[in-house]
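**Student:** Before anything else, here's the structure in question.
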Amino acid sequence: MPAQSAKSSPALAGAVTVPGDKSISHRALILGALAVGRTEVTGLLEGDDVLRTAECMRRLGAKVVRLGPGRWQVDGVGVGGLVEPADVLDMGNSGTGARLLMGVVAGHPITAVFTGDASLNRRPMARVTEPLARMGAAFVGRAGNKLPLAVVGARNPLPIEYRLPVASAQVKSAILLAGLCAPGETTVIEPEPTRDHSERLLGHFGAEIRIVDAADGSRRVTLRGQPELTAAPVVVPGDPSSAAFPLVAALIVPGSDVIIENVGLNPLRIGLFDTLIEMGASIEYLNRRVAGGEPVADLRVRHSALKGVTVPAERAPSMIDEYPVLAVAAGFATGTTRMNGLAELRVKESDRLAAVAAGLAANGIAHEAGPDFLIVAGKGKVPGGGTVATHMDHRIAMSFLVMGLAAERPVTVDDIHMIDTSFPGFGTLMASLGATLE
Ligand code: S3P
């Protein structure tokens with residue numbers, strides 16, 4: 001369990017590129033495996049979570065080959081063509097990999113057993129097994145459908161119309177992936193739109209997909225089942241959720257001026273950037289373009305005096321993974337930042353609300369955490385000096401290392417090895433900007 005400390009650093013400067021988008025990387029491998037022909041993926045995130053998905057797609061019958069850094073090739077088997085894996089599918093720390101692949105297996109007449117690490121095996125899976133059971137799959141899991149869990153895929157999957165009880169792109173995607181194998185139309189109704197990478201990529205691979213926004217803010221996503229998906233190249237942009245760490249570091253370390261190149265700016269992913277700009281952050285979008293069907297830009301970020309704001313609950317789906325690092329930024333702001341609608345944070349890689357609150361407490365930041373909210377009383381400076389328990393959570397580790405770069409005393413996190421799940425090379429990238437990590 002390697003610990004690491006971050007110390008007050010000189011002004012951060014330079015240009016960096018963050019690893020590929022985790023959500024898009026999982027989906028590119030999965031849809032490549034379900035398409036007919038050879039898909040080439042560039043910019044794939046080579047973090048542990050995505051490598052697990054690559055290995056599982058091999059076990060399910062696709063040919064998945066690494067051609068070079070970030071360059072991967074997938075020979076797909078076609079919708080309905082996957083085979084029963086000979087061994088357990090170990091998804092490691094990855095909730096996205098587990099839930100999306102449960103959807104894939106549910107639509108095929110095969111049986112697969114899923115497991116994960118201690119963090120993943122604690123996470124709720126009923127949110128996917130419930131709709132997938134309606135489509136005809138069966139599940140035997142531990143303690144109310146937790147992993148380890150066996151999925152018996154449907155012989156004749158049924159299309160369903162399903163209203164998501166919680167805003168979750170993973171659940172939406174699991175249903176759509178199972179719906180690929182069902183005849184007729186599968187519809188998912190989202191209370192609030194969540195990241196739409198599955199929809200964009202399904203369309204890119206030739207599926208017929210319709211999206212209708214209702215007046216009440218909900219969104220209806222309809223997929224026509226049993227398409228022939230055709231292999232298509234996928235260019236993965238940099239992950240905005242990873243860019244968040246050097247970005248907040250540049251905002252809080254005095255004198256910093258940093259460029260983060262090729263960051264995905266999908267409108268359903270940039271709630272953090274919008275919030276920070278409201279707080280007074282200097283973030284410029286340079287060289288805006290579209291790459292691989294997603295908007296991208298280079299971000300120029302300069303040290304900024306931040307002020308507290310209220311973050312509306314409706315914004316949560318577009319920044320769900322970014323609250324830990326926003327809480328850190330809020331600690332350096334002046335005034336109170338209120339974050340609402342955070343119930344889902346309790347069921348991420350760790351209970352992120354509890355982990356963030358404990359980290360803020362350990363480093364002298366006044367705050368109040370409730371069942372689904374967090375209030376941070378920013379004083380413009382952070383005492384630091386604390387040790388933070390990361391609970392096998394990559395984003396807790398990175399968030400509090402960022403805090404240490406501008407705190408008065410060093411901040412230590414108890415375990416950095418999970419950072420590789422989403423951001424391999426984090427320490428080296430931050431050090432290249434001038435961050436003091438030891
Ligand atoms: C993801 C969706 C989100 C997010 C996760 C990635 C995805 O989870 O937290 O890191 O790729 O679909 P939920 O769908 O559970 O909100």
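Labels for the structure tokens follow display order: chains A, B, ..., residues from 1 in each chain, ligands from 1.
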Which polymer residues have any atom within 10 Å of an atom of stretch 267-270 of chain A, counting only C-alpha atoms, with same-chain residues fewer than 5 positions away left out, as a list in words?
**Tutor:**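 Contacts, with the query itself left out: Pro193, Thr194, Arg195, Asp196, His197, Asp239, Pro240, Ser241, Ala244, Thr275, Glu294, Pro295, Arg315, Ala316, Pro317, Ser318, Met319, Ile320, Asp321 and Glu322 of chain A.
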**Student:** Write out as a ChimeraX atom specification all residues of stretch 24-182 of chain A that backbone DSSP assigns to helix (DSSP H, G or I).
**Tutor:** /A:24-34,48-59,95-106,120-122,126-134,169-179
**Student:** Could you give me, as a ChimeraX atom specification, every polymer residue with an atom at most 10 Å away from an atom of ligand 1, counting only C-alpha atoms and all ligand atoms?
**Tutor:** /A:21-27,94-97,99-100,123-124,127,166-174,194-198,241,269,316-322,344-345,347-349,395,422
**Student:** So which bits of stretch 91-238 of chain A end up strand (DSSP E) when you DSSP the backbone, as an MDAnalysis selection string?
**Tutor:** chainID A and resid 111:115 138:142 146:152 161:163 185:190 209:213 219:224 234:235
**Student:** Show which residues sit within 7 Å of stretch 373-388 of chain A, as a PyMOL selection string. Count only C-alpha atoms, and ignore same-chain residues fewer than 4 positions away.
**Tutor:** chain A and resi 308+327+330-342+359+362-369+404+407-414
**Student:** Restricting it to N, CA, C and O atoms, dump the selection as a CSV table (one decimal), in the first residue's frame.
**Tutor:**
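New file part-v1.csv:
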```csv
chain,number,residue,atom,x,y,z
A,308,GLY,N,-16.8,30.9,-3.4
A,308,GLY,CA,-17.8,29.8,-3.2
A,308,GLY,C,-19.1,30.0,-4.0
A,308,GLY,O,-19.5,31.2,-4.2
A,327,ALA,N,-14.5,19.7,-4.2
A,327,ALA,CA,-14.4,20.0,-2.7
A,327,ALA,C,-13.1,20.6,-2.3
A,327,ALA,O,-12.9,21.5,-1.5
A,330,ALA,N,-12.9,24.1,-3.5
A,330,ALA,CA,-13.8,24.9,-2.6
A,330,ALA,C,-13.1,25.2,-1.3
A,330,ALA,O,-13.3,26.3,-0.8
A,331,GLY,N,-12.2,24.4,-0.9
A,331,GLY,CA,-11.4,24.6,0.3
A,331,GLY,C,-10.5,25.8,0.1
A,331,GLY,O,-10.2,26.6,1.1
A,332,PHE,N,-10.0,26.1,-1.1
A,332,PHE,CA,-9.1,27.2,-1.4
A,332,PHE,C,-9.9,28.4,-1.8
A,332,PHE,O,-9.3,29.5,-1.9
A,333,ALA,N,-11.2,28.3,-2.0
A,333,ALA,CA,-12.0,29.5,-2.4
A,333,ALA,C,-12.3,30.3,-1.1
A,333,ALA,O,-12.1,29.8,0.0
A,334,THR,N,-12.8,31.5,-1.4
A,334,THR,CA,-13.3,32.3,-0.2
A,334,THR,C,-14.9,32.2,-0.3
A,334,THR,O,-15.5,32.4,-1.3
A,335,GLY,N,-15.4,31.8,0.9
A,335,GLY,CA,-16.9,31.7,0.9
A,335,GLY,C,-17.3,30.3,0.9
A,335,GLY,O,-16.5,29.4,0.7
A,336,THR,N,-18.6,30.1,1.0
A,336,THR,CA,-19.2,28.8,1.1
A,336,THR,C,-19.6,28.2,-0.2
A,336,THR,O,-20.2,28.8,-1.0
A,337,THR,N,-19.2,26.9,-0.4
A,337,THR,CA,-19.6,26.2,-1.6
A,337,THR,C,-20.6,25.1,-1.1
A,337,THR,O,-20.3,24.3,-0.3
A,338,ARG,N,-21.8,25.1,-1.7
A,338,ARG,CA,-22.8,24.1,-1.4
A,338,ARG,C,-23.0,23.2,-2.6
A,338,ARG,O,-23.2,23.6,-3.7
A,339,MET,N,-22.9,21.9,-2.4
A,339,MET,CA,-23.1,20.9,-3.4
A,339,MET,C,-24.2,20.0,-3.1
A,339,MET,O,-24.2,19.4,-2.0
A,340,ASN,N,-25.2,20.0,-4.0
A,340,ASN,CA,-26.5,19.2,-3.7
A,340,ASN,C,-26.7,18.1,-4.6
A,340,ASN,O,-26.0,18.0,-5.7
A,341,GLY,N,-27.5,17.1,-4.2
A,341,GLY,CA,-27.8,16.0,-5.1
A,341,GLY,C,-26.7,15.0,-5.2
A,341,GLY,O,-26.5,14.4,-6.3
A,342,LEU,N,-26.0,14.7,-4.1
A,342,LEU,CA,-24.8,13.9,-4.1
A,342,LEU,C,-25.1,12.4,-3.6
A,342,LEU,O,-24.1,11.7,-3.4
A,359,GLY,N,-11.3,13.6,4.7
A,359,GLY,CA,-10.1,14.2,4.2
A,359,GLY,C,-10.1,15.7,4.4
A,359,GLY,O,-9.1,16.3,4.8
A,362,ALA,N,-9.4,16.1,8.1
A,362,ALA,CA,-7.9,15.8,8.5
A,362,ALA,C,-7.0,17.0,8.1
A,362,ALA,O,-5.9,17.1,8.6
A,363,ASN,N,-7.5,17.9,7.2
A,363,ASN,CA,-6.7,18.9,6.7
A,363,ASN,C,-7.2,20.3,7.1
A,363,ASN,O,-6.8,21.3,6.5
A,364,GLY,N,-8.1,20.3,8.1
A,364,GLY,CA,-8.4,21.6,8.7
A,364,GLY,C,-9.4,22.5,7.9
A,364,GLY,O,-9.4,23.7,8.0
A,365,ILE,N,-10.3,21.8,7.1
A,365,ILE,CA,-11.3,22.6,6.3
A,365,ILE,C,-12.6,22.4,7.0
A,365,ILE,O,-13.1,21.3,7.1
A,366,ALA,N,-13.3,23.5,7.3
A,366,ALA,CA,-14.6,23.4,8.0
A,366,ALA,C,-15.6,23.0,6.9
A,366,ALA,O,-15.6,23.5,5.8
A,367,HIS,N,-16.5,22.1,7.2
A,367,HIS,CA,-17.5,21.6,6.3
A,367,HIS,C,-18.6,20.9,7.0
A,367,HIS,O,-18.5,20.6,8.2
A,368,GLU,N,-19.7,20.6,6.2
A,368,GLU,CA,-20.8,19.8,6.8
A,368,GLU,C,-21.2,18.9,5.7
A,368,GLU,O,-21.4,19.3,4.5
A,369,ALA,N,-21.3,17.6,6.0
A,369,ALA,CA,-21.7,16.6,5.0
A,369,ALA,C,-23.0,16.0,5.5
A,369,ALA,O,-23.2,15.6,6.7
A,404,GLY,N,-2.6,19.0,-1.5
A,404,GLY,CA,-1.3,19.2,-0.8
A,404,GLY,C,-0.3,20.1,-1.6
A,404,GLY,O,0.6,20.7,-1.0
A,407,ALA,N,-1.5,23.5,-0.1
A,407,ALA,CA,-1.8,23.6,1.3
A,407,ALA,C,-0.6,24.1,2.1
A,407,ALA,O,0.6,24.1,1.6
A,408,GLU,N,-0.8,24.6,3.3
A,408,GLU,CA,0.3,25.2,4.1
A,408,GLU,C,1.3,24.1,4.5
A,408,GLU,O,2.5,24.3,4.6
A,409,ARG,N,0.7,22.9,4.8
A,409,ARG,CA,1.6,21.8,5.2
A,409,ARG,C,1.3,20.6,4.3
A,409,ARG,O,0.2,20.6,3.7
A,410,PRO,N,2.2,19.6,4.1
A,410,PRO,CA,2.0,18.5,3.2
A,410,PRO,C,0.7,17.8,3.5
A,410,PRO,O,0.3,17.7,4.6
A,411,VAL,N,0.2,17.2,2.5
A,411,VAL,CA,-1.0,16.3,2.6
A,411,VAL,C,-0.5,14.9,2.1
A,411,VAL,O,0.1,14.8,1.1
A,412,THR,N,-0.9,13.9,2.9
A,412,THR,CA,-0.4,12.5,2.6
A,412,THR,C,-1.7,11.7,2.3
A,412,THR,O,-2.7,11.8,3.0
A,413,VAL,N,-1.6,10.9,1.3
A,413,VAL,CA,-2.7,9.9,1.0
A,413,VAL,C,-2.1,8.5,1.3
A,413,VAL,O,-0.9,8.2,1.0
A,414,ASP,N,-2.9,7.6,1.8
A,414,ASP,CA,-2.4,6.4,2.4
A,414,ASP,C,-2.0,5.3,1.3
A,414,ASP,O,-1.3,4.4,1.5
```
**Student:** What is the atom CA of A:Gly280-atom CA of A:Asp257 distance in Å, reported with one decimal?
**Tutor:** 15.2 Å
**Student:** Show which residues sit within 12 Å of A:Ala126, as a list in words. Count only C-alpha atoms, and ignore same-chain residues fewer than 2 positions away.
**Tutor:**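 Those residues are Arg99, Met102, Arg122, Arg123, Pro124, Val128, Thr129, Glu130, Pro131, Leu132, Ala133, Ala138, Phe139, Val140, Gly141, Arg142, Ala143, Gly144, Asn145, Lys146, Leu147, Leu149, Pro165, Val166 and Val171 of chain A.
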**Student:** Using Å and a single decimal, report how far atom CA of A:Arg155 sits from atom CA of A:Thr111.
**Tutor:**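 Atom-to-atom, atom CA of A:Thr111 and atom CA of A:Arg155 are spaced 10.6 Å apart.
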**Student:** Within 10 Å of A:Ala249, counting only C-alpha atoms, which residues qualify if same-chain residues fewer than 3 places away don't, as number ranges by chain?
**Tutor:** A: 9, 11-12, 244-246, 252-254, 256, 258, 301-303, 325, 328-329, 399, 401-406, 430, 433, 435
**Student:** Work out how far apart atom CA of A:Leu60 and atom CA of A:Ala118 are and give it in Å to one decimal.
**Tutor:**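 Separating atom CA of A:Leu60 from atom CA of A:Ala118 is a distance of 23.8 Å.
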**Student:** Compile the contact shell of stretch 233-235 of chain A as a VMD selection string: residues with an atom at most 12 Å away, counting only C-alpha atoms, same-chain residues fewer than 4 positions apart removed.
**Tutor:** chain A and resid 20 to 21 24 to 32 35 37 to 45 70 to 75 197 200 to 202 204 to 205 262 264 290 to 296
**Student:** Which residues are near A:Gly425? Cut-off 9 Å, only C-alpha atoms, ignore same chain within fewer than 5 positions. Put them as a ChimeraX atom specification.
**Tutor:** /A:18-19,419-420,430
**Student:** For N, CA and C atoms, I'd like the residues from the last selection saved as a PDB file, in the first residue's frame.
**Tutor:**
```pdb
ATOM      1  N   VAL A  18      -3.600  14.459 -20.998  1.00  0.00           N
ATOM      2  CA  VAL A  18      -4.072  13.447 -20.038  1.00  0.00           C
ATOM      3  C   VAL A  18      -4.477  12.183 -20.802  1.00  0.00           C
ATOM      4  N   PRO A  19      -4.530  11.030 -20.113  1.00  0.00           N
ATOM      5  CA  PRO A  19      -4.901   9.781 -20.795  1.00  0.00           C
ATOM      6  C   PRO A  19      -6.326   9.819 -21.357  1.00  0.00           C
ATOM      7  N   ILE A 419      -4.570   4.671  -8.408  1.00  0.00           N
ATOM      8  CA  ILE A 419      -4.567   5.747  -9.417  1.00  0.00           C
ATOM      9  C   ILE A 419      -4.437   5.168 -10.820  1.00  0.00           C
ATOM     10  N   ASP A 420      -3.722   4.051 -10.933  1.00  0.00           N
ATOM     11  CA  ASP A 420      -3.528   3.429 -12.255  1.00  0.00           C
ATOM     12  C   ASP A 420      -4.834   2.933 -12.891  1.00  0.00           C
ATOM     13  N   MET A 430       2.147  15.159 -13.228  1.00  0.00           N
ATOM     14  CA  MET A 430       2.083  16.294 -12.295  1.00  0.00           C
ATOM     15  C   MET A 430       3.479  16.829 -12.017  1.00  0.00           C
TER      16      MET A 430
END
```
**Student:** For a quick check of understanding, using only C-alpha atoms, which of A:Gly81, A:Glu46, A:Gly116, A:Pro227 has the smallest distance to A:Gly68?
**Tutor:**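 Smallest separation from A:Gly68 among the options: A:Glu46.
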**Student:** Quick one: of A:Thr115, A:Pro424, A:Leu247, A:Arg52, who's nearest to A:Ile277, counting only C-alpha atoms?
**Tutor:**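 Answer, going by the shortest atom-to-atom distance: A:Leu247.
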**Student:** Rank A:Ala397, A:Leu306, A:Val221, A:Ala178 by their smallest atom-to-atom distance to A:Pro191, using only C-alpha atoms, and report the top residue only.
**Tutor:**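 The closest residue to A:Pro191 is A:Val221.
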**Student:** Have a look at A:Lys63, A:Arg58, A:Ala361, A:Val104 and name the one nearest to A:Asp87; count only C-alpha atoms.
**Tutor:**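 Among the listed residues, the smallest separation from A:Asp87 belongs to A:Arg58.
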